[in-house]
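What follows is the content of final.txt (compact mmCIF, C-alpha atoms and all ligand atoms).
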```
# COMPACT_ATOMS: atom_id res chain seq x y z
CA MET A 1 0.00 0.00 0.00
CA ASN A 2 1.05 3.59 -0.62
CA ILE A 3 0.99 5.70 2.52
CA TYR A 4 1.10 9.49 2.20
CA LEU A 5 1.95 11.64 5.20
CA THR A 6 0.48 15.02 4.26
CA PHE A 7 0.64 18.23 6.29
CA ASP A 8 -1.07 21.59 6.02
CA TYR A 9 1.77 24.03 6.64
CA GLU A 10 0.05 27.03 8.22
CA LEU A 11 -0.68 29.26 11.23
CA TYR A 12 -3.92 29.17 13.22
CA PHE A 13 -6.73 31.40 11.96
CA GLY A 14 -8.65 32.25 15.11
CA GLU A 15 -8.37 35.14 17.58
CA ARG A 16 -4.65 34.35 17.96
CA THR A 17 -2.79 33.02 14.91
CA GLY A 18 0.19 31.90 16.98
CA THR A 19 3.76 32.39 15.81
CA ALA A 20 5.65 31.08 12.79
CA LYS A 21 8.17 29.57 15.20
CA HIS A 22 5.76 27.46 17.27
CA CYS A 23 3.02 26.75 14.70
CA ILE A 24 5.21 25.98 11.71
CA LEU A 25 9.00 26.12 11.95
CA ASN A 26 9.72 24.07 15.09
CA PRO A 27 7.09 21.34 14.64
CA THR A 28 8.03 20.94 10.96
CA GLN A 29 11.66 20.53 12.03
CA LEU A 30 10.58 17.79 14.48
CA LEU A 31 8.60 16.08 11.70
CA LYS A 32 11.57 16.28 9.38
CA GLU A 33 13.73 14.58 12.01
CA VAL A 34 11.25 11.69 12.25
CA ALA A 35 11.10 11.40 8.44
CA ASP A 36 14.91 11.56 8.12
CA LYS A 37 15.38 8.88 10.76
CA HIS A 38 13.33 6.48 8.61
CA ASN A 39 14.47 7.88 5.28
CA ILE A 40 10.94 8.70 4.10
CA LYS A 41 9.50 11.86 2.53
CA LEU A 42 6.57 14.05 3.58
CA VAL A 43 4.04 16.08 1.63
CA GLN A 44 3.66 19.68 2.77
CA PHE A 45 0.63 21.60 1.53
CA VAL A 46 1.97 25.12 1.98
CA ASP A 47 -0.42 27.95 2.81
CA VAL A 48 0.99 30.36 0.25
CA GLY A 49 -1.40 33.20 1.12
CA TYR A 50 0.55 33.60 4.36
CA ILE A 51 3.88 33.80 2.54
CA ILE A 52 2.49 36.43 0.15
CA LYS A 53 1.27 38.52 3.13
CA LEU A 54 4.67 38.20 4.82
CA GLU A 55 6.26 39.47 1.63
CA GLU A 56 3.84 42.38 1.47
CA TYR A 57 4.59 43.54 5.05
CA LYS A 58 8.20 42.54 5.54
CA SER A 59 9.80 45.85 4.63
CA LYS A 60 7.75 47.59 7.35
CA TYR A 61 8.14 45.06 10.16
CA PRO A 62 11.53 43.49 10.98
CA GLU A 63 9.83 40.57 12.79
CA LEU A 64 7.98 39.69 9.59
CA GLU A 65 11.15 40.04 7.55
CA GLU A 66 12.61 37.40 9.86
CA ASP A 67 9.54 35.13 9.57
CA TYR A 68 9.59 35.48 5.79
CA LYS A 69 13.23 34.48 5.66
CA LEU A 70 12.81 31.48 7.97
CA ILE A 71 9.61 30.21 6.35
CA THR A 72 10.81 30.52 2.75
CA ASN A 73 14.15 28.92 3.69
CA GLN A 74 12.38 26.00 5.35
CA VAL A 75 10.14 25.44 2.31
CA LYS A 76 13.15 25.61 -0.02
CA GLN A 77 15.11 23.22 2.18
CA LEU A 78 12.23 20.71 2.37
CA TYR A 79 12.01 20.73 -1.41
CA ILE A 80 15.77 20.31 -1.87
CA GLU A 81 15.72 17.33 0.50
CA GLY A 82 13.06 15.61 -1.61
CA HIS A 83 9.93 16.36 0.38
CA ASP A 84 6.89 17.14 -1.70
CA ILE A 85 5.74 20.77 -1.65
CA GLN A 86 2.22 21.33 -2.96
CA LEU A 87 -0.44 24.03 -2.98
CA HIS A 88 -2.74 24.88 -0.07
CA ILE A 89 -4.98 27.92 -0.47
CA HIS A 90 -6.54 29.87 2.40
CA PRO A 91 -7.83 32.84 0.42
CA HIS A 92 -8.95 34.75 3.54
CA TRP A 93 -5.35 36.04 3.65
CA GLU A 94 -6.50 38.38 0.86
CA ASP A 95 -8.59 40.30 3.43
CA SER A 96 -6.36 39.85 6.50
CA PHE A 97 -3.74 42.28 7.78
CA TYR A 98 -0.93 42.85 10.29
CA ARG A 99 -1.14 45.61 12.89
CA ASP A 100 0.11 46.22 16.45
CA GLY A 101 2.34 43.18 16.39
CA LYS A 102 -0.29 40.64 15.36
CA TRP A 103 -2.18 39.22 12.42
CA HIS A 104 -5.83 40.17 12.18
CA ILE A 105 -7.64 37.39 10.39
CA ILE A 106 -10.67 38.50 8.42
CA ALA A 107 -12.48 35.32 7.46
CA LYS A 108 -15.67 36.64 5.86
CA ARG A 109 -14.41 35.18 2.58
CA TYR A 110 -12.94 31.95 3.93
CA LYS A 111 -13.58 29.66 0.97
CA LEU A 112 -12.12 30.11 -2.49
CA SER A 113 -15.71 29.84 -3.77
CA ASP A 114 -16.53 33.03 -1.82
CA PHE A 115 -14.51 34.95 -4.44
CA GLY A 116 -15.50 35.96 -7.97
CA ASP A 117 -14.15 34.23 -11.07
CA GLU A 118 -11.46 36.83 -11.80
CA ASN A 119 -10.15 36.74 -8.25
CA ILE A 120 -10.11 32.94 -8.26
CA GLU A 121 -8.05 32.92 -11.45
CA ARG A 122 -5.63 35.49 -10.02
CA ILE A 123 -5.30 33.75 -6.64
CA VAL A 124 -4.64 30.28 -8.08
CA ALA A 125 -2.13 31.61 -10.64
CA THR A 126 -0.20 33.95 -8.31
CA TYR A 127 -0.13 31.55 -5.34
CA LYS A 128 1.16 28.73 -7.52
CA GLN A 129 3.80 31.01 -9.08
CA LYS A 130 4.93 32.20 -5.67
CA LEU A 131 5.30 28.62 -4.41
CA GLU A 132 7.19 27.55 -7.54
CA SER A 133 9.60 30.45 -7.01
CA LEU A 134 10.64 28.55 -3.85
CA THR A 135 10.69 25.10 -5.48
CA ALA A 136 11.01 24.70 -9.24
CA PRO A 137 8.97 25.49 -12.36
CA ASP A 138 6.14 22.98 -12.98
CA SER A 139 6.71 21.27 -9.63
CA ILE A 140 3.27 22.19 -8.24
CA PHE A 141 0.37 20.08 -9.52
CA ALA A 142 -1.53 18.97 -6.39
CA PHE A 143 -3.95 20.94 -4.29
CA ARG A 144 -5.68 20.88 -0.93
CA ALA A 145 -8.43 23.38 -0.25
CA GLY A 146 -8.28 25.43 2.96
CA GLY A 147 -10.77 23.99 5.45
CA TRP A 148 -11.54 21.16 2.94
CA CYS A 149 -13.81 23.63 1.05
CA ILE A 150 -13.31 22.30 -2.50
CA GLN A 151 -16.97 22.70 -3.49
CA PRO A 152 -18.48 23.83 -5.78
CA PHE A 153 -15.48 22.72 -7.85
CA GLU A 154 -16.95 24.10 -11.11
CA LYS A 155 -15.93 27.56 -9.88
CA PHE A 156 -12.23 26.60 -9.85
CA LYS A 157 -12.13 24.23 -12.77
CA SER A 158 -10.84 26.63 -15.42
CA ALA A 159 -8.23 28.17 -13.07
CA PHE A 160 -6.97 24.67 -12.24
CA LEU A 161 -6.77 23.68 -15.90
CA LYS A 162 -4.91 26.87 -16.84
CA ASN A 163 -2.39 26.29 -14.06
CA ASN A 164 -1.91 22.55 -14.57
CA ILE A 165 -3.26 21.60 -11.18
CA THR A 166 -4.51 18.09 -11.81
CA VAL A 167 -4.55 16.32 -8.43
CA ASP A 168 -6.78 17.18 -5.51
CA SER A 169 -6.56 15.84 -1.97
CA SER A 170 -9.32 17.71 -0.12
CA VAL A 171 -12.13 15.15 0.03
CA PHE A 172 -12.61 12.76 2.94
CA ARG A 173 -15.40 10.26 2.58
CA ASN A 174 -18.55 10.96 4.58
CA GLY A 175 -17.19 14.23 5.94
CA LYS A 176 -19.79 16.96 6.15
CA TYR A 177 -19.85 20.34 7.87
CA SER A 178 -21.12 23.81 7.28
CA SER A 179 -20.90 27.05 9.23
CA GLU A 180 -20.51 30.74 8.49
CA GLN A 181 -17.04 29.95 7.08
CA TYR A 182 -16.98 26.28 6.16
CA SER A 183 -18.98 24.30 3.67
CA TYR A 184 -18.25 20.80 2.50
CA ASP A 185 -20.27 17.66 1.96
CA PHE A 186 -18.45 14.47 1.01
CA THR A 187 -21.22 12.02 1.86
CA ASN A 188 -21.45 10.95 -1.78
CA ALA A 189 -17.71 10.42 -2.33
CA PRO A 190 -16.89 7.00 -3.81
CA ASP A 191 -15.43 4.28 -1.58
CA LEU A 192 -12.24 4.12 -3.70
CA SER A 193 -8.54 4.84 -3.16
CA SER A 194 -8.54 7.42 -5.94
CA TRP A 195 -10.55 8.32 -9.00
CA ASN A 196 -10.68 10.66 -11.97
CA PHE A 197 -13.18 13.50 -12.03
CA ASP A 198 -14.39 16.34 -14.18
CA ASN A 199 -16.72 18.85 -12.46
CA ASP A 200 -17.30 17.25 -9.09
CA PRO A 201 -14.47 15.79 -6.96
CA CYS A 202 -17.00 13.45 -5.31
CA LYS A 203 -17.99 11.86 -8.63
CA SER A 204 -15.79 9.24 -10.30
CA GLU A 205 -15.88 9.81 -14.07
CA GLU A 206 -13.69 10.59 -17.08
CA GLY A 207 -12.00 13.93 -16.62
CA PRO A 208 -8.74 15.83 -16.42
CA PHE A 209 -8.45 15.66 -12.62
CA LYS A 210 -7.58 12.97 -10.10
CA GLU A 211 -8.87 12.87 -6.54
CA ILE A 212 -6.61 11.18 -4.01
CA PRO A 213 -8.84 11.61 -0.96
CA ILE A 214 -7.71 11.96 2.62
CA SER A 215 -8.52 8.67 4.35
CA SER A 216 -11.34 8.77 6.87
CA ILE A 217 -12.33 6.92 9.99
CA LYS A 218 -15.42 6.76 12.18
CA ASN A 219 -14.74 7.87 15.73
CA SER A 220 -16.80 7.38 18.88
CA PRO A 221 -17.71 10.25 21.24
CA LEU A 222 -15.69 8.42 23.90
CA PHE A 223 -12.54 8.94 21.83
CA TYR A 224 -13.02 12.71 21.90
CA TRP A 225 -13.79 12.76 25.63
CA LYS A 226 -10.47 11.03 26.10
CA LEU A 227 -8.72 13.45 23.70
CA PHE A 228 -10.01 16.57 25.47
CA LEU A 229 -9.39 15.09 28.91
CA LEU A 230 -5.81 14.04 28.17
CA GLY A 231 -5.03 17.61 27.06
CA ARG A 232 -6.07 18.76 30.54
CA ILE A 233 -4.43 15.99 32.56
CA ASN A 234 -1.14 15.76 30.70
CA PRO A 235 -0.61 18.94 28.67
CA TYR A 236 3.11 18.25 28.20
CA GLU A 237 2.35 15.17 26.08
CA HIS A 238 -1.04 16.15 24.71
CA LYS A 239 -1.17 19.91 24.20
CA PRO A 240 -0.61 21.00 20.58
CA LEU A 241 2.83 22.50 19.88
CA GLY A 242 1.28 25.49 18.08
CA ASP A 243 0.58 28.62 20.14
CA GLY A 244 -2.57 29.93 18.43
CA VAL A 245 -6.28 29.14 18.47
CA PRO A 246 -8.38 27.75 15.65
CA ILE A 247 -11.12 29.56 13.82
CA ALA A 248 -14.51 29.00 15.48
CA ALA A 249 -16.35 25.90 14.30
CA PRO A 250 -19.72 26.25 16.06
CA GLY A 251 -21.31 22.99 17.14
CA MET A 252 -18.28 20.90 16.16
CA ARG A 253 -17.08 20.13 19.68
CA LYS A 254 -20.56 19.20 20.87
CA LYS A 255 -21.06 16.98 17.84
CA LEU A 256 -17.75 15.16 18.44
CA LEU A 257 -18.58 14.60 22.11
CA THR A 258 -22.11 13.34 21.61
CA GLN A 259 -22.27 11.29 18.42
CA TYR A 260 -20.24 9.02 16.15
CA THR A 261 -18.52 11.19 13.52
CA GLN A 262 -16.56 10.55 10.35
CA ASN A 263 -13.18 12.24 10.51
CA THR A 264 -9.89 12.39 8.68
CA VAL A 265 -7.20 9.85 9.48
CA SER A 266 -4.87 12.25 11.20
CA VAL A 267 -1.58 12.53 13.01
CA ASP A 268 -2.76 15.62 14.90
CA GLY A 269 -2.63 15.20 18.67
CA TYR A 270 -4.31 12.15 20.09
CA ASN A 271 -5.69 11.18 16.65
CA ALA A 272 -2.25 9.64 16.06
CA ALA A 273 -3.29 6.84 18.44
CA LEU A 274 -5.66 5.62 15.68
CA LEU A 275 -3.13 5.27 12.84
CA SER A 276 -2.74 1.49 13.10
CA LYS A 277 -6.49 0.99 13.41
CA ALA A 278 -6.99 3.11 10.28
CA LEU A 279 -4.37 1.11 8.41
CA ARG A 280 -6.20 -2.13 9.26
CA GLN A 281 -9.46 -0.65 7.98
CA TYR A 282 -7.75 0.36 4.73
CA LYS A 283 -5.93 -2.96 4.23
CA ASP A 284 -7.78 -3.75 0.97
CA LYS A 285 -7.15 -0.29 -0.50
CA ASN A 286 -4.18 0.98 -2.49
CA GLU A 287 -3.64 4.21 -0.62
CA LEU A 288 -3.76 5.57 2.89
CA VAL A 289 -3.62 9.37 2.95
CA ILE A 290 -2.94 10.73 6.42
CA ILE A 291 -3.39 14.43 7.18
CA GLY A 292 -1.68 16.51 9.86
CA HIS A 293 -0.90 20.08 10.78
CA PRO A 294 2.51 20.96 12.25
CA LYS A 295 0.69 23.36 14.62
CA SER A 296 -1.58 20.58 15.97
CA LEU A 297 1.11 17.98 16.58
CA THR A 298 1.77 16.90 20.14
CA ARG A 299 4.74 15.14 21.71
CA PHE A 300 2.52 12.09 22.07
CA GLY A 301 1.53 12.32 18.39
CA LEU A 302 5.11 12.60 17.15
CA LYS A 303 6.09 9.48 19.10
CA ALA A 304 3.04 7.61 17.79
CA LEU A 305 3.97 8.64 14.25
CA ASP A 306 7.56 7.48 14.74
CA ARG A 307 6.29 4.09 15.96
CA PHE A 308 3.76 3.82 13.12
CA ILE A 309 6.48 4.41 10.51
CA SER A 310 8.83 1.90 12.21
CA GLU A 311 6.16 -0.78 12.22
CA ASN A 312 5.13 -0.25 8.62
CA LYS A 313 8.03 1.01 6.53
CA ASN A 314 9.01 -2.50 5.45
CA LYS A 315 5.45 -3.67 4.77
CA HIS A 316 4.22 -0.57 2.93
CA GLN A 317 5.57 2.30 0.89
CA PHE A 318 5.68 5.78 2.32
CA THR A 319 5.40 7.97 -0.74
CA THR A 320 4.51 11.43 -2.07
CA PHE A 321 2.44 12.78 -4.96
CA GLN A 322 5.64 13.92 -6.68
CA LYS A 323 7.22 10.46 -6.43
CA GLU A 324 4.11 8.72 -7.79
CA ARG A 325 3.90 11.16 -10.71
CA ASN A 326 7.51 10.48 -11.68
CA LYS A 327 6.98 6.70 -11.82
ZN ZN B 401 -5.38 24.75 6.03
```
Please re-express this file's structure in structure tokens.
Ligand SMILES: [Zn+2]
Amino acid sequence: MNIYLTFDYELYFGERTGTAKHCILNPTQLLKEVADKHNIKLVQFVDVGYIIKLEEYKSKYPELEEDYKLITNQVKQLYIEGHDIQLHIHPHWEDSFYRDGKWHIIAKRYKLSDFGDENIERIVATYKQKLESLTAPDSIFAFRAGGWCIQPFEKFKSAFLKNNITVDSSVFRNGKYSSEQYSYDFTNAPDLSSWNFDNDPCKSEEGPFKEIPISSIKNSPLFYWKLFLLGRINPYEHKPLGDGVPIAAPGMRKKLLTQYTQNTVSVDGYNAALLSKALRQYKDKNELVIIGHPKSLTRFGLKALDRFISENKNKHQFTTFQKERNK
């Protein structure tokens, strides 16, 4: 089986975004050390909107000049070392700004579909160009939507075609959520490892795009009680390394704590305890796509990931989108 370890390389987007150092740079370094130890490669979906904002403000604020330097150097270094750098778009950076020593996140237009056609074309083209200026021309061909909001895909189709973005990894089967910011519904996604699509990433048909969905798992409310409790009892092991707070997701916590929910197979925090269980559930499939966020990793999660790789690197192939494309 092909196992992809994919990460959304980004700050938090709530009241406090947290710092580049604690949300991105340090935890990514720790991840890189785990990957290096086992000689495997990671996929980083880089939130380019953040890098573009850093660039915009860096001449005015020395602290952002420093962040820009460290972040772009880390992305370049990851790419040089053979990790896969691909495109993650959080378009709300377009409306957000830096003032009084902090980022002010304006998330009224959180989804790419909240923008008009011209803006979508500009955002996809300029974000991809910016990322390729740190990697190499034509190296970016895979996409993950910010907050999983890849629908309605018809709105992005032409921008993706023009920019040669042909792989998406935003869908997770049976995931569904909507709020003021978020909107996704993957209840009709096929039960397949990957598929081609045309206008709808949840519909397998002839088309120029390929969906390689994030794997998903059904979790009990008990699991989340344990997750939240462990964070309180043993914060050293179970508190996320990032120092920000997430964007509000009304009703989400209550839902997780009171009913069975379908979630991504994830290395974030205590979710990493479920990696082997997820692998068993996917044993008849060709791919297991695991998601994570450097900011949401915990010490516990990093150790669980290390163990998971040790146990499986000889039985399965840890791979990246780039490696599979070059085969
Ligand atoms: Zn994201």
* **Protein and nucleic acid residues within 12 Å of ligand ZN 401 (chain B) (all atoms listed in the file) as an MDAnalysis selection string** => chainID A and resid 6:13 44:50 87:93 110:111 143:150 170 182 246:247 291:296
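With only C-alpha atoms as the atoms that count, the residue of A:Leu222, A:Val171, A:Phe160, A:Leu227 with the shortest distance to Phe209 (chain A) is A:Phe160.
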Pairwise distance, CA of Phe223 (chain A) with CA of Thr19 (chain A), equals 29.2 Å
Find the residue from A:Leu5, A:Lys226, A:Thr187, A:Asn234 that sits nearest to Leu275 (chain A); use all atoms listed in the file when measuring.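 Of A:Leu5, A:Lys226, A:Thr187, A:Asn234, the one nearest Leu275 (chain A) is A:Leu5, counting all atoms listed in the file.
The nearest approach to Ser133 (chain A) among the residues A:His22, A:Lys203, A:Lys76, A:Lys60, with all atoms listed in the file taken into account, belongs to A:Lys76.
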| message | Show me, as a VMD selection string, the residues that have an atom within 6 Å of Val43 (chain A) when counting only C-alpha atoms, minus same-chain residues fewer than 5 positions from it. | response | chain A and resid 6 84 to 85 320
Could you check the closest approach to Asp168 (chain A) for each of A:Phe115, A:Phe321, A:Tyr270, A:Tyr4 and tell me which residue wins, using all atoms listed in the file?
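Closest candidate: A:Phe321.
Counting all atoms listed in the file and comparing A:Ile214, A:Leu256, A:Leu192, A:Ile123, the residue that lies closest to Asn286 (chain A) is A:Leu192.
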Taken to one decimal, the CA of Lys69 (chain A)-CA of Glu15 (chain A) distance is 24.7 Å
Computed gap from CA of Glu94 (chain A) to CA of Pro208 (chain A) is 28.5 Å
Item to complete: Compare A:Leu297, A:Val267, A:Ile52, A:Ala304 by their minimum atom-to-atom distance to Gln129 (chain A), counting all atoms listed in the file, and give me the closest one.
Response: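 Of A:Leu297, A:Val267, A:Ile52, A:Ala304, the one nearest Gln129 (chain A) is A:Ile52, counting all atoms listed in the file.
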